[in-house]
$ cat my_file-v3.txt   # compact mmCIF, C-alpha atoms
# COMPACT_ATOMS: atom_id res chain seq x y z
CA MET A 15 28.35 -49.62 18.97
CA PRO A 16 26.84 -47.24 21.53
CA SER A 17 26.91 -48.35 25.13
CA ALA A 18 23.57 -49.27 26.66
CA ASP A 19 24.23 -47.23 29.80
CA THR A 20 25.27 -43.93 28.20
CA GLU A 21 21.75 -42.54 27.92
CA ALA A 22 18.66 -42.76 30.06
CA SER A 23 15.10 -41.94 29.21
CA THR A 24 13.68 -38.97 31.04
CA VAL A 25 10.76 -41.21 31.93
CA VAL A 26 12.90 -43.77 33.74
CA ALA A 27 13.91 -42.98 37.27
CA ALA A 28 17.58 -42.12 37.77
CA THR A 29 17.97 -44.96 40.21
CA SER A 30 16.77 -47.60 37.75
CA PRO A 31 19.64 -49.68 36.32
CA VAL A 32 19.95 -49.85 32.56
CA PRO A 33 20.76 -53.36 31.35
CA ASP A 34 23.92 -53.88 29.27
CA SER A 35 23.19 -56.05 26.25
CA ASP A 36 26.89 -56.66 25.45
CA SER A 37 27.82 -59.96 27.08
CA ARG A 38 31.45 -59.85 26.03
CA LEU A 39 34.17 -59.83 28.67
CA THR A 40 35.35 -56.57 30.20
CA PRO A 41 37.94 -55.72 32.90
CA GLY A 42 36.45 -56.37 36.31
CA GLY A 43 33.70 -58.55 34.87
CA PRO A 44 33.23 -62.28 35.46
CA GLY A 45 35.66 -64.49 33.57
CA TYR A 46 37.97 -61.67 32.45
CA ARG A 47 40.73 -62.50 34.94
CA ARG A 48 40.60 -66.21 34.14
CA MET A 49 40.74 -65.47 30.45
CA SER A 50 43.62 -63.01 30.84
CA PHE A 51 45.67 -65.38 32.99
CA ALA A 52 45.01 -68.35 30.72
CA LEU A 53 46.18 -66.48 27.62
CA PHE A 54 49.07 -65.01 29.58
CA LEU A 55 50.22 -68.58 30.33
CA ALA A 56 49.73 -69.52 26.68
CA GLY A 57 51.98 -66.62 25.73
CA VAL A 58 54.57 -67.75 28.28
CA ALA A 59 54.60 -71.29 26.88
CA THR A 60 54.70 -70.11 23.27
CA PHE A 61 57.68 -67.80 23.60
CA ALA A 62 59.56 -70.02 26.05
CA LEU A 63 59.39 -72.91 23.58
CA LEU A 64 59.82 -70.87 20.42
CA TYR A 65 63.04 -69.22 21.58
CA SER A 66 64.33 -71.89 23.94
CA THR A 67 67.61 -72.24 22.03
CA GLN A 68 68.31 -68.55 21.46
CA ALA A 69 70.27 -67.87 24.65
CA LEU A 70 72.11 -71.17 24.15
CA LEU A 71 73.46 -70.55 20.66
CA PRO A 72 77.12 -70.21 21.73
CA LEU A 73 76.88 -73.58 23.52
CA ILE A 74 75.10 -75.21 20.57
CA SER A 75 77.78 -73.83 18.24
CA SER A 76 80.45 -75.36 20.47
CA GLY A 77 78.62 -78.65 20.99
CA PHE A 78 78.07 -79.31 17.30
CA ALA A 79 81.23 -77.45 16.15
CA VAL A 80 79.28 -75.10 13.87
CA SER A 81 79.27 -71.36 13.18
CA ALA A 82 76.92 -68.77 14.65
CA SER A 83 75.03 -68.59 11.36
CA ALA A 84 74.47 -72.36 11.34
CA ALA A 85 73.37 -72.47 14.98
CA SER A 86 70.98 -69.56 14.39
CA TRP A 87 68.87 -71.92 12.27
CA THR A 88 67.61 -73.55 15.48
CA VAL A 89 65.78 -70.26 16.07
CA ALA A 90 64.97 -69.41 12.45
CA ALA A 91 63.53 -72.90 11.78
CA ALA A 92 61.07 -72.59 14.66
CA THR A 93 59.88 -69.11 13.72
CA GLY A 94 59.84 -70.08 10.04
CA GLY A 95 57.65 -73.11 10.78
CA LEU A 96 55.24 -70.89 12.66
CA ALA A 97 55.19 -68.35 9.83
CA LEU A 98 54.39 -71.03 7.24
CA PHE A 99 51.64 -72.78 9.20
CA VAL A 100 49.92 -69.93 11.00
CA LEU A 101 47.47 -69.29 8.15
CA PRO A 102 46.35 -72.94 7.74
CA MET A 103 46.01 -73.24 11.51
CA SER A 104 43.94 -70.08 11.65
CA ALA A 105 41.59 -71.64 9.07
CA LEU A 106 41.19 -74.66 11.33
CA SER A 107 40.35 -72.34 14.22
CA GLU A 108 37.60 -70.74 12.12
CA ARG A 109 36.03 -74.16 11.69
CA PHE A 110 36.75 -76.00 14.94
CA GLY A 111 37.04 -73.13 17.42
CA ARG A 112 39.82 -71.00 18.88
CA ARG A 113 40.11 -72.83 22.18
CA THR A 114 40.25 -76.27 20.53
CA VAL A 115 43.03 -75.29 18.13
CA MET A 116 45.05 -73.48 20.79
CA THR A 117 44.86 -76.51 23.08
CA ALA A 118 45.89 -78.94 20.33
CA SER A 119 48.78 -76.68 19.34
CA LEU A 120 50.14 -76.56 22.86
CA VAL A 121 49.81 -80.33 23.32
CA VAL A 122 51.82 -81.09 20.16
CA ALA A 123 54.39 -78.37 20.85
CA VAL A 124 55.13 -79.48 24.41
CA SER A 125 55.34 -83.11 23.27
CA LEU A 126 58.00 -82.14 20.73
CA GLY A 127 59.70 -80.10 23.43
CA VAL A 128 60.35 -83.31 25.35
CA LEU A 129 62.18 -84.72 22.29
CA VAL A 130 64.34 -81.68 21.51
CA PRO A 131 67.02 -82.39 24.17
CA PHE A 132 67.75 -85.78 22.55
CA ALA A 133 68.51 -84.43 19.04
CA PRO A 134 71.62 -86.34 17.85
CA SER A 135 72.78 -83.68 15.35
CA LEU A 136 72.25 -80.08 14.38
CA GLY A 137 70.13 -81.18 11.41
CA ALA A 138 67.83 -83.22 13.67
CA LEU A 139 67.61 -80.33 16.12
CA VAL A 140 66.66 -77.89 13.36
CA ALA A 141 64.02 -80.33 12.05
CA LEU A 142 62.45 -80.75 15.49
CA ARG A 143 62.46 -77.01 16.02
CA PHE A 144 60.70 -76.50 12.68
CA LEU A 145 57.98 -78.96 13.67
CA GLN A 146 57.67 -77.28 17.06
CA GLY A 147 57.21 -73.89 15.44
CA ALA A 148 54.61 -75.33 13.05
CA ALA A 149 52.70 -76.76 16.03
CA LEU A 150 52.79 -73.43 17.87
CA ALA A 151 51.28 -71.73 14.80
CA GLY A 152 47.80 -72.45 16.12
CA LEU A 153 48.25 -70.15 19.09
CA PRO A 154 49.02 -66.54 18.13
CA ALA A 155 46.35 -65.91 15.49
CA SER A 156 43.73 -67.94 17.35
CA ALA A 157 44.42 -66.08 20.58
CA THR A 158 43.97 -62.61 19.08
CA ALA A 159 40.86 -63.77 17.20
CA TYR A 160 39.47 -65.23 20.45
CA LEU A 161 40.06 -61.89 22.19
CA ALA A 162 38.49 -59.90 19.35
CA GLU A 163 35.34 -62.05 19.65
CA GLU A 164 35.10 -62.42 23.43
CA VAL A 165 36.32 -59.02 24.73
CA ARG A 166 34.62 -55.67 24.36
CA PRO A 167 36.28 -53.38 21.80
CA LYS A 168 37.33 -50.73 24.32
CA ALA A 169 39.26 -53.34 26.31
CA LEU A 170 40.79 -55.11 23.31
CA VAL A 171 44.15 -53.31 23.18
CA THR A 172 44.65 -53.91 26.91
CA ALA A 173 43.67 -57.59 26.62
CA ILE A 174 46.01 -58.20 23.68
CA GLY A 175 48.69 -56.25 25.53
CA LEU A 176 48.43 -58.74 28.42
CA PHE A 177 48.78 -61.64 25.98
CA VAL A 178 51.87 -59.99 24.47
CA ALA A 179 53.14 -59.42 28.01
CA GLY A 180 52.91 -63.17 28.50
CA ASN A 181 55.05 -63.51 25.38
CA SER A 182 57.68 -61.29 26.95
CA VAL A 183 57.63 -63.19 30.26
CA GLY A 184 57.96 -66.49 28.40
CA GLY A 185 60.83 -65.19 26.32
CA MET A 186 62.55 -63.77 29.37
CA SER A 187 62.08 -66.71 31.72
CA GLY A 188 63.02 -69.22 29.05
CA ARG A 189 66.29 -67.49 28.33
CA VAL A 190 67.19 -66.80 31.96
CA ILE A 191 66.40 -70.34 33.10
CA THR A 192 68.22 -71.96 30.18
CA GLY A 193 71.26 -69.74 30.77
CA TRP A 194 71.78 -70.82 34.37
CA VAL A 195 70.76 -74.45 33.86
CA ALA A 196 73.04 -74.76 30.83
CA GLN A 197 75.97 -73.33 32.76
CA GLU A 198 75.73 -76.24 35.20
CA TRP A 199 74.33 -79.12 33.13
CA GLY A 200 74.55 -78.17 29.45
CA TRP A 201 72.12 -76.97 26.81
CA ARG A 202 70.23 -80.27 26.50
CA VAL A 203 69.09 -80.26 30.11
CA ALA A 204 68.23 -76.57 29.78
CA VAL A 205 65.82 -77.03 26.87
CA GLY A 206 64.33 -80.06 28.66
CA VAL A 207 63.51 -77.91 31.68
CA ILE A 208 61.75 -75.38 29.42
CA GLY A 209 59.71 -78.22 27.94
CA LEU A 210 58.50 -79.25 31.39
CA ILE A 211 57.57 -75.68 32.30
CA ALA A 212 55.57 -75.44 29.08
CA VAL A 213 53.69 -78.62 30.00
CA GLY A 214 52.52 -76.96 33.23
CA CYS A 215 51.46 -73.81 31.38
CA ALA A 216 49.52 -75.85 28.82
CA ILE A 217 47.56 -77.72 31.50
CA ALA A 218 46.70 -74.54 33.40
CA PHE A 219 45.69 -72.80 30.17
CA ARG A 220 43.17 -75.50 29.28
CA LEU A 221 41.67 -75.51 32.76
CA LEU A 222 41.33 -71.73 33.01
CA LEU A 223 40.30 -70.46 29.57
CA PRO A 224 36.53 -69.77 29.47
CA ALA A 225 34.54 -71.49 26.75
CA PRO A 226 33.88 -69.12 23.83
CA LYS A 227 30.39 -67.62 23.67
CA HIS A 228 30.63 -65.53 20.53
CA PHE A 229 32.36 -67.88 18.12
CA THR A 230 30.60 -68.72 14.86
CA PRO A 231 32.09 -71.62 12.85
CA GLY A 232 33.30 -70.72 9.38
CA SER A 233 34.10 -72.69 6.27
CA LEU A 234 37.18 -74.76 5.50
CA ARG A 235 36.64 -74.50 1.74
CA PRO A 236 39.90 -73.36 0.09
CA ARG A 237 38.03 -70.95 -2.18
CA VAL A 238 36.45 -69.19 0.79
CA LEU A 239 39.80 -69.03 2.60
CA ALA A 240 41.54 -67.68 -0.50
CA ARG A 241 38.89 -64.98 -0.93
CA THR A 242 39.23 -63.93 2.71
CA VAL A 243 43.02 -63.74 2.45
CA ARG A 244 42.79 -61.80 -0.81
CA ASP A 245 40.43 -59.29 0.77
CA HIS A 246 42.80 -58.75 3.70
CA LEU A 247 45.81 -58.32 1.43
CA ALA A 248 43.82 -55.78 -0.62
CA ASN A 249 43.35 -53.64 2.51
CA PRO A 250 46.17 -51.03 2.55
CA LEU A 251 45.91 -50.49 6.31
CA LEU A 252 46.27 -54.19 7.07
CA CYS A 253 49.24 -54.50 4.71
CA ARG A 254 50.96 -51.59 6.45
CA LEU A 255 50.39 -53.21 9.83
CA TYR A 256 51.77 -56.53 8.56
CA ALA A 257 54.91 -54.81 7.30
CA ILE A 258 55.35 -52.93 10.59
CA GLY A 259 55.13 -56.16 12.58
CA ALA A 260 57.69 -57.86 10.32
CA LEU A 261 60.14 -54.97 10.55
CA PHE A 262 59.89 -54.63 14.33
CA MET A 263 60.54 -58.36 14.66
CA THR A 264 63.51 -58.18 12.27
CA VAL A 265 65.18 -55.85 14.75
CA PHE A 266 64.28 -57.93 17.77
CA GLY A 267 65.17 -61.29 16.22
CA GLY A 268 68.55 -60.06 15.06
CA VAL A 269 69.52 -58.38 18.32
CA TYR A 270 68.61 -61.26 20.63
CA THR A 271 70.03 -63.95 18.37
CA VAL A 272 73.44 -62.27 18.29
CA ILE A 273 73.70 -60.66 21.73
CA GLY A 274 74.90 -63.89 23.38
CA TYR A 275 77.84 -64.12 20.99
CA ARG A 276 78.76 -60.50 21.59
CA LEU A 277 78.72 -60.85 25.36
CA THR A 278 80.88 -63.99 25.34
CA GLU A 279 83.60 -62.07 23.48
CA ALA A 280 85.99 -59.38 24.77
CA PRO A 281 85.64 -56.87 26.33
CA PHE A 282 82.73 -58.54 28.17
CA SER A 283 83.62 -62.28 28.30
CA LEU A 284 80.56 -63.12 30.39
CA PRO A 285 79.66 -66.69 31.51
CA GLN A 286 76.52 -68.38 30.16
CA GLY A 287 74.49 -67.87 33.34
CA ILE A 288 75.07 -64.13 33.35
CA ILE A 289 74.27 -63.90 29.64
CA GLY A 290 70.96 -65.67 30.29
CA SER A 291 70.18 -63.17 33.04
CA ILE A 292 70.57 -60.34 30.55
CA PHE A 293 67.16 -61.38 29.24
CA LEU A 294 65.58 -60.06 32.44
CA VAL A 295 65.20 -56.85 30.42
CA TYR A 296 62.17 -58.62 28.92
CA LEU A 297 60.34 -57.38 32.02
CA VAL A 298 60.46 -53.96 30.41
CA GLY A 299 58.61 -55.46 27.45
CA THR A 300 55.99 -56.86 29.80
CA VAL A 301 55.28 -53.35 31.09
CA SER A 302 55.38 -51.60 27.71
CA ALA A 303 53.09 -54.17 26.09
CA SER A 304 50.54 -54.10 28.90
CA THR A 305 50.39 -50.28 28.82
CA ALA A 306 50.05 -50.05 25.03
CA GLY A 307 46.34 -49.29 25.36
CA ARG A 308 47.00 -46.17 27.42
CA LEU A 309 49.76 -45.15 25.01
CA VAL A 310 47.35 -45.32 22.07
CA GLY A 311 44.77 -43.38 24.09
CA ARG A 312 47.20 -40.51 24.61
CA LEU A 313 49.13 -40.42 21.34
CA GLY A 314 46.89 -42.22 18.87
CA ARG A 315 47.90 -45.31 16.96
CA ARG A 316 50.43 -43.64 14.70
CA GLY A 317 51.88 -41.54 17.52
CA ALA A 318 52.42 -44.70 19.56
CA LEU A 319 54.18 -46.35 16.60
CA TYR A 320 56.47 -43.33 16.13
CA LEU A 321 57.40 -43.45 19.80
CA ALA A 322 58.01 -47.21 19.68
CA GLY A 323 60.20 -46.90 16.59
CA GLY A 324 62.18 -43.98 18.02
CA THR A 325 62.76 -45.83 21.29
CA THR A 326 63.96 -48.92 19.43
CA ALA A 327 66.34 -46.89 17.24
CA ALA A 328 67.77 -45.08 20.26
CA GLY A 329 68.44 -48.44 21.92
CA LEU A 330 70.28 -49.73 18.87
CA VAL A 331 72.59 -46.71 18.82
CA VAL A 332 73.27 -46.83 22.58
CA SER A 333 74.10 -50.56 22.40
CA LEU A 334 77.11 -49.83 20.17
CA ALA A 335 79.14 -48.74 23.20
CA ASP A 336 81.74 -51.14 24.63
CA SER A 337 80.29 -50.60 28.09
CA LEU A 338 78.09 -53.23 29.72
CA PRO A 339 75.77 -50.69 31.44
CA LEU A 340 75.21 -48.92 28.11
CA VAL A 341 74.64 -52.22 26.29
CA LEU A 342 72.03 -53.09 28.92
CA LEU A 343 70.40 -49.66 28.55
CA GLY A 344 70.30 -50.21 24.81
CA LEU A 345 68.60 -53.58 25.26
CA VAL A 346 66.05 -52.01 27.61
CA LEU A 347 65.13 -49.39 25.04
CA ILE A 348 65.02 -51.89 22.17
CA THR A 349 62.80 -54.23 24.19
CA ALA A 350 60.43 -51.50 25.36
CA GLY A 351 60.05 -50.10 21.87
CA PHE A 352 59.57 -53.48 20.23
CA PHE A 353 56.89 -54.81 22.57
CA ALA A 354 54.95 -51.53 22.53
CA GLY A 355 55.03 -51.43 18.73
CA HIS A 356 54.03 -55.07 18.45
CA ALA A 357 51.09 -54.69 20.85
CA VAL A 358 49.84 -51.59 19.02
CA ALA A 359 50.14 -53.13 15.55
CA SER A 360 48.64 -56.52 16.43
CA SER A 361 45.65 -55.01 18.25
CA ALA A 362 45.09 -52.67 15.29
CA VAL A 363 44.84 -55.70 12.99
CA SER A 364 42.15 -57.25 15.19
CA LYS A 365 40.19 -54.00 15.27
CA THR A 366 40.51 -53.36 11.53
CA ALA A 367 39.35 -56.80 10.36
CA THR A 368 35.59 -57.12 10.77
CA THR A 369 35.43 -60.56 9.10
CA GLY A 370 37.93 -63.40 8.92
CA ARG A 371 39.70 -62.13 12.02
CA ALA A 372 41.71 -65.32 12.44
CA GLN A 373 43.05 -65.00 8.90
CA ALA A 374 43.82 -61.31 9.42
CA SER A 375 45.71 -62.11 12.60
CA ALA A 376 47.37 -65.09 10.94
CA LEU A 377 48.71 -62.93 8.13
CA TYR A 378 50.10 -60.53 10.73
CA GLN A 379 51.70 -63.38 12.66
CA SER A 380 53.11 -64.85 9.46
CA ALA A 381 54.73 -61.54 8.55
CA TYR A 382 55.87 -61.09 12.13
CA TYR A 383 57.65 -64.45 12.32
CA ILE A 384 59.07 -64.12 8.82
CA GLY A 385 60.63 -60.97 10.27
CA SER A 386 61.96 -63.02 13.18
CA SER A 387 63.52 -65.62 10.88
CA THR A 388 64.97 -62.89 8.68
CA GLY A 389 66.35 -61.02 11.66
CA SER A 390 67.91 -64.17 13.12
CA THR A 391 69.70 -65.20 9.94
CA VAL A 392 70.56 -61.79 8.50
CA GLY A 393 71.52 -60.46 11.93
CA ALA A 394 73.90 -63.40 12.45
CA MET A 395 75.38 -62.96 8.97
CA ALA A 396 75.86 -59.23 9.58
CA PHE A 397 77.55 -59.98 12.90
CA HIS A 398 79.89 -62.43 11.20
CA ALA A 399 80.73 -59.85 8.55
CA GLY A 400 80.90 -56.63 10.58
CA GLY A 401 80.51 -57.42 14.26
CA TRP A 402 77.83 -55.89 16.43
CA ALA A 403 77.79 -52.75 14.29
CA GLY A 404 76.63 -54.89 11.37
CA THR A 405 73.70 -56.25 13.36
CA VAL A 406 72.81 -52.73 14.53
CA GLY A 407 72.89 -51.53 10.94
CA VAL A 408 70.31 -54.14 9.95
CA GLY A 409 68.12 -53.04 12.86
CA VAL A 410 68.35 -49.33 12.02
CA LEU A 411 67.27 -50.03 8.44
CA ALA A 412 64.26 -51.98 9.73
CA VAL A 413 63.23 -49.16 12.09
CA ALA A 414 63.55 -46.69 9.21
CA GLY A 415 61.09 -48.90 7.34
CA VAL A 416 58.62 -48.73 10.27
CA VAL A 417 58.79 -44.93 10.34
CA THR A 418 58.40 -44.67 6.56
CA ILE A 419 55.34 -46.93 6.53
CA THR A 420 53.77 -45.00 9.42
CA VAL A 421 54.33 -41.70 7.57
CA LEU A 422 52.63 -43.17 4.51
CA GLY A 423 49.75 -44.24 6.76
CA SER A 424 49.44 -40.71 8.12
CA ARG A 425 49.25 -39.29 4.60
CA ALA A 426 46.68 -41.90 3.58
CA ALA A 427 44.56 -41.02 6.62
CA ARG A 428 44.63 -37.30 5.78
CA THR A 429 43.62 -38.03 2.21
CA GLN A 430 40.80 -40.29 3.38
CA ARG A 431 39.49 -37.64 5.77
CA ALA A 432 39.58 -35.04 3.02
CA LEU A 433 37.60 -37.25 0.65
CA ALA A 434 35.17 -38.67 3.21
CA PRO A 435 35.17 -36.60 6.43
CA ILE A 436 32.60 -38.82 8.09
CA GLY A 437 34.20 -42.13 7.03
CA PRO A 438 36.50 -44.35 9.10
CA SER A 439 40.02 -43.04 9.57
CA GLY A 440 43.11 -44.90 8.47
CA ALA A 441 46.16 -45.61 10.57
$ encode --input "my_file-v3.txt" --output "C-alpha cells"
Amino acid sequence: MPSADTEASTVVAATSPVPDSDSRLTPGGPGYRRMSFALFLAGVATFALLYSTQALLPLISSGFAVSASAASWTVAAATGGLALFVLPMSALSERFGRRTVMTASLVVAVSLGVLVPFAPSLGALVALRFLQGAALAGLPASATAYLAEEVRPKALVTAIGLFVAGNSVGGMSGRVITGWVAQEWGWRVAVGVIGLIAVGCAIAFRLLLPAPKHFTPGSLRPRVLARTVRDHLANPLLCRLYAIGALFMTVFGGVYTVIGYRLTEAPFSLPQGIIGSIFLVYLVGTVSASTAGRLVGRLGRRGALYLAGGTTAAGLVVSLADSLPLVLLGLVLITAGFFAGHAVASSAVSKTATTGRAQASALYQSAYYIGSSTGSTVGAMAFHAGGWAGTVGVGVLAVAGVVTITVLGSRAARTQRALAPIGPSGA
C-alpha cells in the first residue's frame, strides 16, 4: 500500500502537511510503546511458565527418582499441550478478539502455575504442565495476529521481534531464578516463584495493551475453520516456514533440556544455581530477535535464515568441547541463531497470510512447539544413548533440514520470478 506522504501535488504548497490515512501503530506513534511493552510482558510470562521446569530437571529426576527422559516430559507435556490447542484457541481469537483470548489464556495459565508446586507425583506434575501449556496456547498465535492487524507492515518484523525478545527474557529469567531459588529451597518453591512473577506480568499486560481497532470478528463454524486451515497448508511458502520453525525449535528444545544434565556431570560438576545462571545467554537471543528486522533488510529473508542456521550449527559444534568457556560460546551462538531464525520465520508467516492470520500463526506455533516437544524427548534420549554428542547430532540434522528447505525456497522463488516477473516473490 503506498504511503500517503510519499507524493505531493504540485498544486499543494510544500509546507502543507499530507494526512496519513493509515491509523495502525508505528514506532514513535501513540500507543506503540504501550503495545510493545504489554506484549513483551506477555512473552515473558509465556516462556517463564512454559519452561519453568527445564532448568530443574536434574532436581526433579532426583526428587521423583526418575530418569532424564522421564523428567523431560514435564517440558514436553507443556509444549505439546500448547501445540495441540493453539489452533482451536486461534479460532476463538478470530471470533472473540485477540486481547480477550490472550487475557483469558494468561489468567488460566497463572492459576495453574500456583498449583504446580504441589504436584504429589511426576504423573500429576506432567498432567498439570500439559494443562498449563494448553492454556498458554491462546497467546502466541493471537499475539502475532494482533500485531499483523494493529501495526503497519513496515514495522511488523520489528514488533514481532520485540515479542520474541520477551520470550527470550522470560525463558532466561525463569531458568536463572529457578536455578538459584531451587539451590536454596528446592524445585517446588522455585516454580512457585515463577508462578507469582507470571501473575504480575499478566496484570500489567491487561492494563497496558491497547484495545484493538482493526479487528474484524470471524466465524467459529468448523467448516470455515477447516477451509482456512486447508488453504494455509496448500501454500508452499507457509509450509516451508512451518517446517523451519519446527526444526529450529527441535535444536533449541533438545539443547536446553539436556544442558543441565551435562553441566552437573564431570568435568564440569556445577551446582544448580550456576547452571541456572547459564541461561543468561538468553540475553543474546533478546538482541538477535529484536534486530531481526534489520537483518532481513540487509540480507533478505532467505539470507537471514541462512545466517541463523549457520550460526546455530557453529554453536552446536563448538559446544562439543569439554571446556566451560567453549560450551558457553556454543550456547551463545545457538541462542543467537535460533531466536533470529524464529523471529524471521514467524514474521514471514504473518506477512504471507492475508486472511485467517490467527490460523496461519497458529499452524506455525503448533509446528514450532511440536519441534520443542520432539527436541526435548529425542534430545534426552540421544543424550542417554550417546552423551552430549548424541544431542548435538540431533541438532545438526535439524539445522541441515532448515538449510535444505531454505534452498528449496530459493529455487521456488527463482522459478516464480521467471514465470511471473511482476508477481509476488517467494521466500
$ atom_distance --input "my_file-v3.txt" --atom1 "atom CA of A:Glu163" --atom2 "atom CA of A:Ser424"
28.1 Å
$ residues_near_point --input "my_file-v3.txt" --point "(43.8, -54.3, 16.3)" --cutoff "10 Å" --atoms "all atoms listed in the file" --output "list in words"
Thr158, Ala159, Ala162, Pro167, Leu170, Val171, Ile174, Leu252, Leu255, Arg315, Ala357, Val358, Ala359, Ser360, Ser361, Ala362, Val363, Ser364, Lys365, Thr366, Ala367, Arg371, Ala374 and Ser375 of chain A
$ residues_around --input "my_file-v3.txt" --residues "stretch 325-332 of chain A" --least-positions-apart "3" --cutoff "6 Å" --atoms "only C-alpha atoms" --output "ChimeraX atom specification"
/A:322,344,347-348,351,406
$ residues_around --input "my_file-v3.txt" --residues "stretch 384-392 of chain A" --least-positions-apart "5" --cutoff "6 Å" --atoms "all atoms listed in the file" --output "JSON, numbers by chain"
{"A": [90, 93, 94, 97, 260, 263, 264, 267, 268, 271]}
$ write_last_selection --input "my_file-v3.txt" --atoms "C-alpha atoms" --output "compact mmCIF listing (two decimals), in the frame of the given file"
# COMPACT_ATOMS: atom_id res chain seq x y z
CA ALA A 90 64.97 -69.41 12.45
CA THR A 93 59.88 -69.11 13.72
CA GLY A 94 59.84 -70.08 10.04
CA ALA A 97 55.19 -68.35 9.83
CA ALA A 260 57.69 -57.86 10.32
CA MET A 263 60.54 -58.36 14.66
CA THR A 264 63.51 -58.18 12.27
CA GLY A 267 65.17 -61.29 16.22
CA GLY A 268 68.55 -60.06 15.06
CA THR A 271 70.03 -63.95 18.37
$ closest_residue --input "my_file-v3.txt" --among "A:Tyr160, A:Tyr275, A:Phe78, A:Phe110" --to "A:Ala173" --atoms "all atoms listed in the file"
A:Tyr160
$ residues_near_point --input "my_file-v3.txt" --point "(57.0, -58.6, 24.3)" --cutoff "6 Å" --atoms "all atoms listed in the file" --output "ChimeraX atom specification"
/A:178-179,181-182,299-300,353
$ atom_distance --input "my_file-v3.txt" --atom1 "atom CA of A:Gly180" --atom2 "atom CA of A:Ala56"
7.3 Å
$ residues_around --input "my_file-v3.txt" --residues "A:Val207" --least-positions-apart "6" --cutoff "9 Å" --atoms "all atoms listed in the file" --output "count of residues only"
4
$ closest_residue --input "my_file-v3.txt" --among "A:His356, A:His398, A:Arg220, A:Arg202" --to "A:Phe262" --atoms "all atoms listed in the file"
A:His356
$ closest_residue --input "my_file-v3.txt" --among "A:Thr429, A:Thr40, A:Thr88, A:Ser156" --to "A:Val140" --atoms "only C-alpha atoms"
A:Thr88
$ atom_distance --input "my_file-v3.txt" --atom1 "atom CA of A:Ser104" --atom2 "atom CA of A:Ala157"
9.8 Å
$ residues_around --input "my_file-v3.txt" --residues "A:Ala216" --least-positions-apart "2" --cutoff "9 Å" --atoms "all atoms listed in the file" --output "ChimeraX atom specification"
/A:52,55-56,59,117,120-121,124,211-214,218-221
$ closest_residue --input "my_file-v3.txt" --among "A:Val203, A:Arg312, A:Pro154, A:Ile217" --to "A:Leu129" --atoms "all atoms listed in the file"
A:Val203
$ closest_residue --input "my_file-v3.txt" --among "A:Ala399, A:Ala432, A:Val80, A:Leu345" --to "A:Val269" --atoms "only C-alpha atoms"
A:Leu345
